[in-house]
file target.cif (mmCIF, C-alpha atoms)
data_input
loop_
_atom_site.label_atom_id
_atom_site.label_comp_id
_atom_site.auth_asym_id
_atom_site.auth_seq_id
_atom_site.Cartn_x
_atom_site.Cartn_y
_atom_site.Cartn_z
CA MET Q 29 -163.57 -60.54 -113.17
CA ALA Q 30 -164.93 -61.89 -109.90
CA THR Q 31 -162.65 -62.13 -106.89
CA VAL Q 32 -162.64 -65.03 -104.45
CA ALA Q 33 -162.77 -62.97 -101.29
CA ALA Q 34 -162.69 -65.93 -98.90
CA VAL Q 35 -162.83 -69.70 -98.87
CA ILE Q 36 -164.51 -71.12 -95.81
CA ALA Q 37 -164.96 -74.72 -94.66
CA SER Q 38 -166.94 -75.73 -91.63
CA THR Q 39 -168.90 -78.42 -89.96
CA HIS Q 40 -172.68 -77.88 -89.88
CA HIS Q 41 -173.85 -78.94 -86.45
CA PRO Q 42 -177.64 -78.44 -86.46
CA PHE Q 43 -177.74 -78.00 -82.66
CA TYR Q 44 -175.82 -74.70 -82.75
CA TYR Q 45 -178.93 -72.60 -83.31
CA ARG Q 46 -180.73 -74.12 -80.34
CA ALA Q 47 -177.64 -74.13 -78.09
CA SER Q 48 -176.72 -70.53 -78.85
CA THR Q 49 -180.24 -69.19 -78.30
CA ALA Q 50 -181.02 -71.22 -75.17
CA THR Q 51 -181.18 -69.45 -71.82
CA GLY Q 52 -181.23 -70.42 -68.17
CA ALA Q 53 -181.29 -74.10 -67.33
CA ASP Q 54 -181.79 -74.98 -71.01
CA ARG Q 55 -178.42 -73.49 -72.01
CA PRO Q 56 -175.83 -76.25 -72.34
CA PRO Q 57 -172.50 -75.79 -70.51
CA PHE Q 58 -170.51 -75.61 -73.73
CA ALA Q 59 -172.73 -72.93 -75.34
CA ASP Q 60 -170.66 -69.88 -74.40
CA GLU Q 61 -167.40 -71.35 -75.69
CA TRP Q 62 -169.17 -72.46 -78.86
CA VAL Q 63 -170.66 -68.99 -79.43
CA ALA Q 64 -167.25 -67.35 -78.87
CA LYS Q 65 -165.64 -69.57 -81.48
CA ILE Q 66 -168.44 -68.96 -83.96
CA THR Q 67 -168.27 -65.21 -83.37
CA ALA Q 68 -164.55 -65.19 -84.20
CA PHE Q 69 -165.20 -67.41 -87.22
CA ARG Q 70 -167.99 -65.12 -88.44
CA GLU Q 71 -165.63 -62.16 -88.35
CA THR Q 72 -163.38 -63.91 -90.91
CA LEU Q 73 -166.23 -63.72 -93.43
CA THR Q 74 -167.37 -60.22 -92.45
CA LYS Q 75 -163.83 -58.88 -92.97
CA ALA Q 76 -163.77 -60.31 -96.51
CA ARG Q 77 -166.71 -58.05 -97.53
CA PRO Q 78 -168.39 -60.60 -99.82
CA ASP Q 79 -171.15 -59.73 -102.30
CA ILE Q 80 -172.26 -63.29 -103.04
CA LEU Q 81 -171.92 -66.66 -101.31
CA VAL Q 82 -171.36 -69.91 -103.23
CA MET Q 83 -172.44 -72.54 -100.72
CA VAL Q 84 -171.57 -76.23 -100.90
CA GLY Q 85 -173.59 -78.64 -98.80
CA SER Q 86 -175.21 -82.04 -98.80
CA ASP Q 87 -178.94 -82.65 -98.90
CA HIS Q 88 -180.19 -84.99 -96.18
CA PHE Q 89 -182.96 -86.73 -98.16
CA HIS Q 90 -185.08 -83.62 -98.10
CA GLN Q 91 -185.60 -82.46 -101.66
CA LEU Q 92 -183.27 -85.00 -103.25
CA TRP Q 93 -184.40 -88.61 -103.14
CA LEU Q 94 -183.47 -92.07 -104.35
CA ASP Q 95 -185.93 -92.03 -107.26
CA ASN Q 96 -183.73 -89.53 -109.09
CA MET Q 97 -180.53 -88.85 -107.18
CA PRO Q 98 -178.00 -86.37 -108.55
CA GLN Q 99 -174.35 -86.53 -107.54
CA PHE Q 100 -173.74 -82.78 -107.85
CA LEU Q 101 -176.51 -80.21 -108.24
CA VAL Q 102 -176.55 -76.42 -108.62
CA GLY Q 103 -179.51 -74.39 -107.40
CA LYS Q 104 -180.56 -71.77 -109.95
CA ALA Q 105 -183.50 -69.80 -108.64
CA PRO Q 106 -184.29 -66.23 -107.59
CA TYR Q 107 -185.04 -67.39 -104.05
CA PHE Q 108 -184.48 -70.44 -101.90
CA ASP Q 109 -186.82 -71.34 -99.09
CA ALA Q 110 -185.09 -73.15 -96.32
CA ASN Q 111 -185.31 -75.75 -93.65
CA TRP Q 112 -187.81 -78.53 -93.45
CA TYR Q 113 -190.49 -79.70 -91.05
CA ASN Q 114 -188.30 -82.49 -89.69
CA GLU Q 115 -185.43 -80.03 -89.07
CA GLU Q 116 -187.78 -77.71 -87.21
CA ARG Q 117 -188.95 -80.72 -85.26
CA GLU Q 118 -185.55 -82.12 -84.43
CA PHE Q 119 -183.26 -79.10 -84.21
CA GLY Q 120 -185.61 -76.16 -83.75
CA LEU Q 121 -184.31 -74.57 -86.96
CA PRO Q 122 -186.26 -71.55 -88.23
CA ARG Q 123 -187.86 -71.17 -91.63
CA MET Q 124 -185.75 -68.90 -93.84
CA ARG Q 125 -185.72 -67.41 -97.33
CA LEU Q 126 -182.49 -66.57 -99.13
CA ALA Q 127 -182.03 -64.72 -102.39
CA GLY Q 128 -180.28 -66.56 -105.22
CA ASP Q 129 -177.85 -65.28 -107.84
CA GLU Q 130 -179.10 -66.81 -111.07
CA GLN Q 131 -176.41 -65.20 -113.19
CA LEU Q 132 -173.54 -66.82 -111.29
CA ALA Q 133 -175.48 -70.11 -111.10
CA ALA Q 134 -175.90 -70.08 -114.90
CA HIS Q 135 -172.18 -69.39 -115.35
CA ILE Q 136 -171.26 -72.29 -113.05
CA LEU Q 137 -173.68 -74.63 -114.82
CA ARG Q 138 -172.63 -73.80 -118.37
CA ASN Q 139 -168.93 -73.81 -117.70
CA GLY Q 140 -169.05 -76.64 -115.18
CA LEU Q 141 -170.64 -78.85 -117.84
CA ASP Q 142 -167.97 -77.81 -120.30
CA ALA Q 143 -165.30 -78.60 -117.68
CA GLY Q 144 -166.49 -82.21 -117.50
CA PHE Q 145 -168.93 -82.23 -114.57
CA ASP Q 146 -172.45 -83.36 -115.45
CA LEU Q 147 -174.07 -80.96 -113.02
CA ALA Q 148 -177.78 -81.32 -112.29
CA PHE Q 149 -179.74 -78.17 -111.65
CA SER Q 150 -182.88 -77.17 -109.80
CA ASN Q 151 -185.13 -74.16 -110.33
CA GLU Q 152 -187.04 -74.77 -107.10
CA LEU Q 153 -184.63 -76.03 -104.49
CA ARG Q 154 -185.59 -75.93 -100.85
CA ILE Q 155 -182.32 -75.95 -98.96
CA ASP Q 156 -181.61 -77.69 -95.68
CA HIS Q 157 -179.31 -77.39 -92.69
CA SER Q 158 -176.05 -78.16 -94.49
CA ILE Q 159 -176.42 -74.72 -96.09
CA THR Q 160 -178.54 -72.89 -93.56
CA CYS Q 161 -176.28 -73.75 -90.61
CA PRO Q 162 -173.37 -71.77 -92.09
CA ILE Q 163 -175.79 -68.92 -92.81
CA ILE Q 164 -176.84 -68.99 -89.16
CA THR Q 165 -173.25 -69.11 -87.93
CA LEU Q 166 -171.48 -66.93 -90.50
CA ARG Q 167 -174.10 -64.55 -91.87
CA PRO Q 168 -177.07 -64.54 -89.54
CA ASP Q 169 -178.70 -61.55 -91.25
CA ALA Q 170 -178.92 -63.72 -94.40
CA ASP Q 171 -178.50 -60.58 -96.48
CA LEU Q 172 -176.42 -61.92 -99.38
CA PRO Q 173 -177.50 -63.85 -102.47
CA ILE Q 174 -176.33 -67.43 -102.65
CA VAL Q 175 -175.60 -70.12 -105.21
CA PRO Q 176 -176.20 -73.47 -103.49
CA ILE Q 177 -174.29 -76.54 -104.73
CA TYR Q 178 -175.39 -79.89 -103.36
CA THR Q 179 -173.25 -83.02 -103.29
CA ASN Q 180 -174.24 -86.62 -102.70
CA ILE Q 181 -172.34 -87.96 -99.69
CA PHE Q 182 -175.31 -89.98 -98.56
CA ALA Q 183 -176.71 -92.42 -101.10
CA PRO Q 184 -174.30 -95.02 -102.56
CA PRO Q 185 -172.84 -95.19 -105.14
CA LEU Q 186 -170.95 -92.01 -104.28
CA PRO Q 187 -168.35 -90.17 -106.35
CA ARG Q 188 -164.83 -90.94 -105.11
CA PRO Q 189 -162.87 -88.46 -102.93
CA GLY Q 190 -160.67 -87.32 -105.79
CA ARG Q 191 -163.75 -86.25 -107.70
CA PHE Q 192 -164.77 -83.96 -104.86
CA VAL Q 193 -161.30 -82.36 -104.85
CA GLU Q 194 -161.51 -81.88 -108.62
CA LEU Q 195 -164.94 -80.29 -108.36
CA GLY Q 196 -163.58 -77.91 -105.75
CA ARG Q 197 -160.73 -76.87 -108.03
CA THR Q 198 -163.22 -76.37 -110.84
CA ILE Q 199 -165.61 -74.29 -108.73
CA ARG Q 200 -162.72 -71.99 -107.86
CA GLN Q 201 -161.82 -71.64 -111.56
CA LEU Q 202 -165.45 -71.06 -112.50
CA VAL Q 203 -165.90 -68.29 -109.95
CA GLU Q 204 -162.62 -66.64 -110.94
CA SER Q 205 -163.63 -66.75 -114.62
CA TRP Q 206 -166.99 -65.06 -114.00
CA PRO Q 207 -166.73 -61.76 -115.87
CA ILE Q 208 -168.52 -59.74 -113.21
CA ASP Q 209 -166.74 -57.55 -110.72
CA LYS Q 210 -168.07 -59.08 -107.51
CA ARG Q 211 -166.47 -60.42 -104.36
CA VAL Q 212 -167.48 -64.06 -103.96
CA ALA Q 213 -166.99 -66.15 -100.83
CA ILE Q 214 -167.04 -69.91 -101.35
CA ILE Q 215 -168.34 -71.70 -98.27
CA GLY Q 216 -168.71 -75.44 -97.79
CA THR Q 217 -169.72 -77.66 -94.91
CA GLY Q 218 -168.93 -81.27 -94.16
CA HIS Q 219 -168.16 -83.59 -91.29
CA LEU Q 220 -165.18 -84.99 -89.48
CA SER Q 221 -165.73 -88.47 -87.99
CA LEU Q 222 -169.43 -89.04 -87.49
CA GLU Q 223 -171.78 -91.94 -86.78
CA LEU Q 224 -175.54 -91.72 -87.30
CA GLY Q 225 -177.92 -94.59 -86.62
CA GLY Q 226 -175.10 -96.96 -85.66
CA PRO Q 227 -173.49 -98.37 -82.51
CA ARG Q 228 -170.93 -95.56 -82.18
CA GLN Q 229 -173.37 -92.65 -82.28
CA PHE Q 230 -173.75 -89.89 -79.70
CA GLY Q 231 -170.56 -90.64 -77.77
CA ALA Q 232 -168.72 -88.17 -75.55
CA HIS Q 233 -166.58 -87.24 -78.57
CA GLY Q 234 -166.62 -87.91 -82.28
CA PRO Q 235 -166.26 -91.64 -82.95
CA ASP Q 236 -162.63 -91.36 -84.13
CA PRO Q 237 -160.60 -88.52 -82.52
CA GLU Q 238 -157.43 -89.73 -84.26
CA PHE Q 239 -159.06 -89.33 -87.67
CA ASP Q 240 -160.32 -85.90 -86.61
CA ARG Q 241 -156.81 -84.78 -85.62
CA LYS Q 242 -155.37 -85.93 -88.95
CA ALA Q 243 -158.25 -84.42 -90.88
CA VAL Q 244 -157.82 -81.02 -89.26
CA ASP Q 245 -154.08 -81.13 -90.09
CA TRP Q 246 -154.77 -82.05 -93.73
CA ILE Q 247 -157.26 -79.23 -94.15
CA ALA Q 248 -155.30 -76.59 -92.25
CA SER Q 249 -152.12 -77.26 -94.24
CA GLY Q 250 -153.79 -77.89 -97.62
CA ASP Q 251 -152.27 -81.37 -97.74
CA ILE Q 252 -154.47 -82.70 -100.52
CA ASP Q 253 -152.05 -85.47 -101.54
CA GLY Q 254 -151.62 -86.70 -97.98
CA CYS Q 255 -155.36 -86.73 -97.52
CA LEU Q 256 -156.04 -88.51 -100.82
CA SER Q 257 -153.36 -91.11 -100.02
CA GLU Q 258 -155.30 -92.21 -96.93
CA VAL Q 259 -158.94 -91.50 -97.70
CA THR Q 260 -161.04 -93.74 -99.93
CA LEU Q 261 -164.73 -94.51 -100.13
CA ASP Q 262 -164.03 -97.73 -98.24
CA SER Q 263 -161.77 -96.18 -95.59
CA LEU Q 264 -164.34 -93.53 -94.73
CA HIS Q 265 -166.54 -96.17 -93.08
CA LEU Q 266 -163.88 -96.71 -90.41
CA PRO Q 267 -164.15 -93.37 -88.57
CA GLY Q 268 -167.97 -93.59 -88.51
CA ASN Q 269 -170.75 -94.52 -90.89
CA ALA Q 270 -171.56 -90.89 -91.77
CA THR Q 271 -167.97 -89.76 -92.28
CA HIS Q 272 -168.39 -89.62 -96.06
CA GLY Q 273 -169.47 -86.05 -95.40
CA PHE Q 274 -165.74 -85.42 -95.01
CA MET Q 275 -165.58 -85.40 -98.81
CA ASP Q 276 -167.21 -81.96 -98.74
CA PHE Q 277 -164.21 -80.79 -96.68
CA MET Q 278 -162.03 -82.36 -99.38
CA LEU Q 279 -163.97 -80.40 -101.99
CA MET Q 280 -163.18 -77.23 -100.06
CA MET Q 281 -159.49 -78.21 -99.95
CA GLY Q 282 -159.73 -78.30 -103.74
CA VAL Q 283 -161.23 -74.79 -103.70
CA ALA Q 284 -158.47 -73.49 -101.41
CA GLY Q 285 -155.74 -75.19 -103.44
CA ALA Q 286 -152.90 -77.61 -102.79
CA GLY Q 287 -150.56 -76.40 -100.09
CA ALA Q 288 -152.79 -73.48 -99.14
CA LYS Q 289 -152.49 -72.93 -95.41
CA ALA Q 290 -155.68 -71.76 -93.78
CA ASP Q 291 -155.63 -68.27 -92.28
CA HIS Q 292 -158.05 -69.24 -89.54
CA VAL Q 293 -158.18 -72.70 -87.94
CA ASP Q 294 -160.30 -73.57 -84.95
CA SER Q 295 -162.12 -76.57 -83.55
CA LEU Q 296 -164.32 -77.56 -80.66
CA ASP Q 297 -164.53 -81.06 -79.28
CA LEU Q 298 -168.25 -81.54 -78.69
CA PHE Q 299 -170.23 -84.61 -77.87
CA HIS Q 300 -171.14 -86.66 -80.93
CA THR Q 301 -168.69 -84.96 -83.33
CA MET Q 302 -165.83 -82.47 -83.44
CA GLU Q 303 -166.57 -79.02 -84.77
CA ALA Q 304 -163.97 -77.50 -87.11
CA TYR Q 305 -163.68 -74.11 -88.79
CA PHE Q 306 -161.28 -72.96 -91.51
CA THR Q 307 -160.90 -69.74 -93.52
CA TRP Q 308 -158.51 -68.95 -96.37
CA TYR Q 309 -157.96 -65.60 -98.08
CA PRO Q 310 -156.68 -66.45 -101.58
CA ASN Q 311 -156.00 -62.80 -102.39
CA GLY Q 312 -154.47 -61.87 -99.08
CA ALA Q 313 -156.01 -61.28 -95.68
CA PRO Q 314 -158.28 -58.25 -95.57
CA SER Q 315 -157.08 -55.41 -93.40
CA MET P 28 -184.57 -107.48 -100.30
CA SER P 29 -186.34 -104.25 -101.12
CA LYS P 30 -184.07 -101.71 -99.48
CA TYR P 31 -185.37 -98.92 -101.68
CA LEU P 32 -188.91 -99.57 -100.46
CA LEU P 33 -187.79 -99.72 -96.82
CA ASN P 34 -186.16 -96.34 -97.28
CA LYS P 35 -189.21 -95.02 -99.13
CA PHE P 36 -191.37 -95.95 -96.15
CA LEU P 37 -189.04 -94.22 -93.67
CA TYR P 38 -188.70 -91.17 -95.94
CA THR P 39 -192.40 -90.66 -96.60
CA VAL P 40 -193.38 -91.13 -92.96
CA ASP P 41 -190.59 -88.91 -91.60
CA ARG P 42 -191.64 -85.92 -93.70
CA ASP P 43 -195.33 -86.04 -92.71
CA PRO P 44 -196.26 -85.08 -89.12
CA GLU P 45 -199.55 -86.98 -89.24
CA LEU P 46 -197.87 -90.14 -90.48
CA VAL P 47 -195.21 -89.89 -87.78
CA GLU P 48 -197.94 -90.01 -85.13
CA ARG P 49 -199.88 -92.71 -86.95
CA TYR P 50 -196.78 -94.92 -87.22
CA ARG P 51 -195.96 -94.35 -83.54
CA ASN P 52 -199.45 -95.29 -82.37
CA ASP P 53 -200.39 -98.03 -84.84
CA PRO P 54 -197.28 -99.45 -86.46
CA ALA P 55 -198.81 -102.64 -87.86
CA GLY P 56 -201.85 -100.86 -89.25
CA THR P 57 -199.73 -98.10 -90.75
CA VAL P 58 -197.38 -100.56 -92.46
CA THR P 59 -200.31 -102.52 -93.92
CA TRP P 60 -202.02 -99.35 -95.18
CA TRP P 61 -198.77 -97.88 -96.51
CA GLU P 62 -197.81 -101.01 -98.43
CA ALA P 63 -201.26 -101.19 -100.03
CA GLU P 64 -201.69 -97.51 -100.82
CA VAL P 65 -198.33 -95.76 -100.96
CA ALA P 66 -195.57 -98.28 -101.74
CA ASN P 67 -196.14 -98.14 -105.48
CA GLN P 68 -197.15 -94.50 -105.66
CA LEU P 69 -194.66 -92.43 -107.65
CA LEU P 70 -193.71 -89.50 -105.47
CA ASN P 71 -194.40 -85.92 -106.49
CA CYS P 72 -197.05 -86.70 -109.11
CA ALA P 73 -200.18 -84.55 -108.95
CA VAL P 74 -202.24 -87.22 -110.70
CA PRO P 75 -201.49 -90.56 -109.05
CA GLU P 76 -199.05 -92.60 -111.08
CA ARG P 77 -197.97 -95.96 -109.81
CA SER P 78 -195.37 -98.64 -110.15
CA THR P 79 -196.60 -102.20 -110.28
CA TRP P 80 -193.95 -104.31 -108.60
CA GLN P 81 -192.89 -103.13 -105.17
CA SER P 82 -193.58 -104.97 -101.90
CA PHE P 83 -191.77 -105.69 -98.63
CA THR P 84 -190.23 -109.02 -97.76
CA ASP P 85 -191.65 -110.70 -94.66
CA ALA P 86 -188.57 -109.69 -92.67
CA GLU P 87 -188.86 -106.06 -93.73
CA ARG P 88 -192.57 -105.93 -92.96
CA LYS P 89 -191.95 -107.48 -89.53
CA ALA P 90 -189.14 -105.05 -88.69
CA LEU P 91 -191.27 -102.06 -89.61
CA ARG P 92 -194.32 -103.38 -87.74
CA GLU P 93 -192.24 -103.96 -84.59
CA HIS P 94 -190.37 -100.62 -84.69
CA ASP P 95 -187.25 -102.79 -84.66
CA HIS P 96 -184.42 -100.41 -85.49
CA VAL P 97 -181.78 -103.12 -85.00
CA ALA P 98 -183.45 -105.35 -87.60
CA LEU P 99 -183.83 -102.37 -89.97
CA PHE P 100 -180.09 -101.67 -89.59
CA GLU P 101 -179.34 -105.33 -90.39
CA LEU P 102 -181.60 -105.18 -93.44
CA GLY P 103 -179.63 -102.24 -94.83
CA ALA P 104 -182.12 -99.44 -94.28
CA HIS P 105 -180.38 -96.07 -94.49
CA PRO P 106 -179.39 -95.41 -90.85
CA PHE P 107 -180.01 -91.65 -91.11
CA LEU P 108 -183.61 -92.21 -92.13
CA THR P 109 -184.29 -94.75 -89.41
CA LEU P 110 -182.62 -92.61 -86.75
CA THR P 111 -184.34 -89.36 -87.58
CA LEU P 112 -187.80 -90.93 -87.76
CA PHE P 113 -187.35 -92.95 -84.58
CA ILE P 114 -186.08 -89.90 -82.70
CA ALA P 115 -189.25 -88.10 -83.80
CA MET P 116 -191.39 -90.92 -82.45
CA PHE P 117 -189.62 -91.82 -79.21
CA GLU P 118 -187.26 -89.11 -77.98
CA ARG P 119 -190.23 -87.43 -76.27
CA ASP P 120 -190.50 -90.37 -73.86
CA HIS P 121 -186.93 -89.95 -72.56
CA GLY P 122 -184.49 -87.48 -71.05
CA PRO P 123 -181.92 -85.54 -73.08
CA LEU P 124 -179.99 -87.88 -75.42
CA GLU P 125 -181.21 -90.88 -73.39
CA TYR P 126 -183.06 -92.36 -76.35
CA GLN P 127 -180.23 -91.76 -78.82
CA LYS P 128 -177.69 -93.45 -76.55
CA ALA P 129 -179.96 -96.43 -75.90
CA TYR P 130 -180.50 -96.69 -79.65
CA GLY P 131 -176.74 -96.96 -80.14
CA ARG P 132 -176.34 -99.47 -77.31
CA ALA P 133 -178.93 -101.76 -78.90
CA LEU P 134 -176.64 -101.94 -81.93
CA GLN P 135 -173.49 -102.79 -79.95
CA THR P 136 -173.45 -106.35 -81.27
CA HIS P 137 -172.58 -104.91 -84.68
CA SER P 138 -169.05 -104.12 -85.78
CA LEU P 139 -167.59 -103.19 -89.12
CA PRO P 140 -168.40 -103.88 -91.85
CA TYR P 141 -171.94 -102.69 -91.31
CA PRO P 142 -174.70 -103.96 -93.62
CA ASP P 143 -174.58 -102.49 -97.11
CA ILE P 144 -176.95 -99.53 -97.50
CA ALA P 145 -176.64 -99.26 -101.29
CA THR P 146 -180.03 -99.49 -102.98
#

call {"tool": "encode", "arguments": {"input": "target.cif", "output": "structure tokens"}}
result
Amino acid sequence: MATVAAVIASTHHPFYYRASTATGADRPPFADEWVAKITAFRETLTKARPDILVMVGSDHFHQLWLDNMPQFLVGKAPYFDANWYNEEREFGLPRMRLAGDEQLAAHILRNGLDAGFDLAFSNELRIDHSITCPIITLRPDADLPIVPIYTNIFAPPLPRPGRFVELGRTIRQLVESWPIDKRVAIIGTGHLSLELGGPRQFGAHGPDPEFDRKAVDWIASGDIDGCLSEVTLDSLHLPGNATHGFMDFMLMMGVAGAGAKADHVDSLDLFHTMEAYFTWYPNGAPS
Amino acid sequence: MSKYLLNKFLYTVDRDPELVERYRNDPAGTVTWWEAEVANQLLNCAVPERSTWQSFTDAERKALREHDHVALFELGAHPFLTLTLFIAMFERDHGPLEYQKAYGRALQTHSLPYPDIAT
């Protein structure tokens, strides 16, 4: 049986690649602190010695579009090309190619359908920064096969928060029921409070630091009930118009499990949004 | 309103470097051409297949022709699409984050609830 070697939840700030590689006058003042936090975060995955990465992210109207919009989609392909022209343009992200694990993808699809999730699938999925940013931060050699899982946090009508938590619980069960002796890390990225294209965008901090503080506490302590009691599709507009990406953090809380305290918790208050990093070791911290 | 078509315009232009420049330099001409030639084109079909019914309202056409991101926000265009395309067209004319902050300031008259972006 497969082992969940680590569960990791993170923001996916697309400026990290540019900030961390910049030199001289181009290097922002917060770059060194950011790199130090990412380096410590990366070590939490390295120590877990994963064989495969299941990666949850949200497409940003790249391959998925409003003419045929899935709510949850699993990538099942031998390879995934990555990053798009407009991400190169805007964030300086590199082109990448990642291997896929079709066997685990097929297991998740078959058994996810049987578990009550009408998962869409794609045999030619070009992935974007919600999945490549955690590769850049956590596994920059990009040497492990992945199973990408995309969620719709972008195009209403969206699934409700509880559905994301349930999908997270199910993904954990699906990985643990895979009859192959591999170490699987489940990694997902979302947002804390965030505004894009609205009056509160690009402030000195995230648009709602109070929400961010509560959100970090919910995630770090595995307080799924507390989180679900306050977070609804309607309430998520209040901390910023792009805060529905927080539901991917809620999905990862479902993966980690109710009451599961994170083994690694860190954050960085950047302009525009707060960065946050969490790692759980469901089978005990690696030595 | 034809919010889907507004978004389709922003989406198709944003992903094509030549169209980004064309829309920056000739917004009215690009909107006229796009509505005639692309609006009803089904995306991702090798042999052109078309819908028969899509067109902008006058307000939508005007907002796109005038690069009016505030009006697009009010019309319910997806704010991510508008922002990313407009950054591509206009950030180059400004200092770091200057354009993005001015973009937000122009929307300061808006408070919650924001216009509905559901299509």

call {"tool": "resolve_selection", "arguments": {"input": "target.cif", "expression": "the PyMOL selection byres ((chain Q) within 8 of (chain P))", "output": "list in words"}}
result
Phe89, Leu94, Tyr113, Asn114, Arg117, Glu118, Ala183, Pro184, Pro185, Leu224, Gly225, Gly226, Pro227, Arg228, Gln229, Phe230, Gly231 and Leu266 of chain Q

call {"tool": "residues_around", "arguments": {"input": "target.cif", "residues": "stretch 31-43 of chain Q", "least_positions_apart": "3", "cutoff": "8 Å", "atoms": "all atoms listed in the file", "output": "number ranges by chain"}}
result
Q: 46-47, 73, 76-78, 119, 121, 157-159, 161-162, 200, 203-204, 209-220, 277, 280, 283-284, 303-311

call {"tool": "write_last_selection", "arguments": {"input": "target.cif", "atoms": "C-alpha atoms", "output": "tab-separated table (two decimals), in the coordinates of the input"}}
result
chain	number	residue	atom	x	y	z
Q	46	ARG	CA	-180.73	-74.12	-80.34
Q	47	ALA	CA	-177.64	-74.13	-78.09
Q	73	LEU	CA	-166.23	-63.72	-93.43
Q	76	ALA	CA	-163.77	-60.31	-96.51
Q	77	ARG	CA	-166.71	-58.05	-97.53
Q	78	PRO	CA	-168.39	-60.60	-99.82
Q	119	PHE	CA	-183.26	-79.10	-84.21
Q	121	LEU	CA	-184.31	-74.57	-86.96
Q	157	HIS	CA	-179.31	-77.39	-92.69
Q	158	SER	CA	-176.05	-78.16	-94.49
Q	159	ILE	CA	-176.42	-74.72	-96.09
Q	161	CYS	CA	-176.28	-73.75	-90.61
Q	162	PRO	CA	-173.37	-71.77	-92.09
Q	200	ARG	CA	-162.72	-71.99	-107.86
Q	203	VAL	CA	-165.90	-68.29	-109.95
Q	204	GLU	CA	-162.62	-66.64	-110.94
Q	209	ASP	CA	-166.74	-57.55	-110.72
Q	210	LYS	CA	-168.07	-59.08	-107.51
Q	211	ARG	CA	-166.47	-60.42	-104.36
Q	212	VAL	CA	-167.48	-64.06	-103.96
Q	213	ALA	CA	-166.99	-66.15	-100.83
Q	214	ILE	CA	-167.04	-69.91	-101.35
Q	215	ILE	CA	-168.34	-71.70	-98.27
Q	216	GLY	CA	-168.71	-75.44	-97.79
Q	217	THR	CA	-169.72	-77.66	-94.91
Q	218	GLY	CA	-168.93	-81.27	-94.16
Q	219	HIS	CA	-168.16	-83.59	-91.29
Q	220	LEU	CA	-165.18	-84.99	-89.48
Q	277	PHE	CA	-164.21	-80.79	-96.68
Q	280	MET	CA	-163.18	-77.23	-100.06
Q	283	VAL	CA	-161.23	-74.79	-103.70
Q	284	ALA	CA	-158.47	-73.49	-101.41
Q	303	GLU	CA	-166.57	-79.02	-84.77
Q	304	ALA	CA	-163.97	-77.50	-87.11
Q	305	TYR	CA	-163.68	-74.11	-88.79
Q	306	PHE	CA	-161.28	-72.96	-91.51
Q	307	THR	CA	-160.90	-69.74	-93.52
Q	308	TRP	CA	-158.51	-68.95	-96.37
Q	309	TYR	CA	-157.96	-65.60	-98.08
Q	310	PRO	CA	-156.68	-66.45	-101.58
Q	311	ASN	CA	-156.00	-62.80	-102.39

call {"tool": "closest_residue", "arguments": {"input": "target.cif", "among": "Q:Asp169, Q:Glu115, Q:Asp245, Q:Asp262", "to": "Q:Ala288", "atoms": "all atoms listed in the file"}}
result
Q:Asp245

call {"tool": "atom_distance", "arguments": {"input": "target.cif", "atom1": "atom CA of Q:Tyr178", "atom2": "atom CA of Q:Lys104"}}
result
11.7 Å

call {"tool": "atom_distance", "arguments": {"input": "target.cif", "atom1": "atom CA of Q:Asp87", "atom2": "atom CA of Q:Ile181"}}
result
8.5 Å

call {"tool": "resolve_selection", "arguments": {"input": "target.cif", "expression": "the PyMOL selection byres ((chain P and resi 55) around 9)", "output": "ChimeraX atom specification"}}
result
/P:50,53-54,56-60,88-89,91-93

call {"tool": "atom_distance", "arguments": {"input": "target.cif", "atom1": "atom CA of Q:Asp251", "atom2": "atom CA of Q:Phe182"}}
result
24.6 Å

call {"tool": "decode", "arguments": {"input": "target.cif", "residues": "stretch 229-236 of chain Q", "atoms": "N, CA and C atoms", "output": "PDB file, in the first residue's frame"}}
result
ATOM      1  N   GLN Q 229      -6.494  45.841  -4.336  1.00  0.00           N
ATOM      2  CA  GLN Q 229      -5.345  45.052  -4.806  1.00  0.00           C
ATOM      3  C   GLN Q 229      -4.011  45.751  -4.545  1.00  0.00           C
ATOM      4  N   PHE Q 230      -2.972  44.957  -4.452  1.00  0.00           N
ATOM      5  CA  PHE Q 230      -1.589  45.423  -4.377  1.00  0.00           C
ATOM      6  C   PHE Q 230      -1.370  46.426  -3.245  1.00  0.00           C
ATOM      7  N   GLY Q 231      -1.953  46.138  -2.082  1.00  0.00           N
ATOM      8  CA  GLY Q 231      -1.688  46.949  -0.901  1.00  0.00           C
ATOM      9  C   GLY Q 231      -0.366  46.544  -0.261  1.00  0.00           C
ATOM     10  N   ALA Q 232      -0.052  47.222   0.863  1.00  0.00           N
ATOM     11  CA  ALA Q 232       1.193  46.919   1.578  1.00  0.00           C
ATOM     12  C   ALA Q 232       1.146  45.529   2.192  1.00  0.00           C
ATOM     13  N   HIS Q 233      -0.060  45.032   2.475  1.00  0.00           N
ATOM     14  CA  HIS Q 233      -0.257  43.694   3.034  1.00  0.00           C
ATOM     15  C   HIS Q 233      -1.399  43.031   2.258  1.00  0.00           C
ATOM     16  N   GLY Q 234      -1.729  41.807   2.634  1.00  0.00           N
ATOM     17  CA  GLY Q 234      -2.947  41.222   2.097  1.00  0.00           C
ATOM     18  C   GLY Q 234      -4.136  42.097   2.471  1.00  0.00           C
ATOM     19  N   PRO Q 235      -5.227  42.013   1.751  1.00  0.00           N
ATOM     20  CA  PRO Q 235      -6.349  42.926   2.019  1.00  0.00           C
ATOM     21  C   PRO Q 235      -7.015  42.714   3.371  1.00  0.00           C
ATOM     22  N   ASP Q 236      -6.841  41.579   4.017  1.00  0.00           N
ATOM     23  CA  ASP Q 236      -7.529  41.336   5.286  1.00  0.00           C
ATOM     24  C   ASP Q 236      -6.602  40.555   6.238  1.00  0.00           C
TER      25      ASP Q 236
END
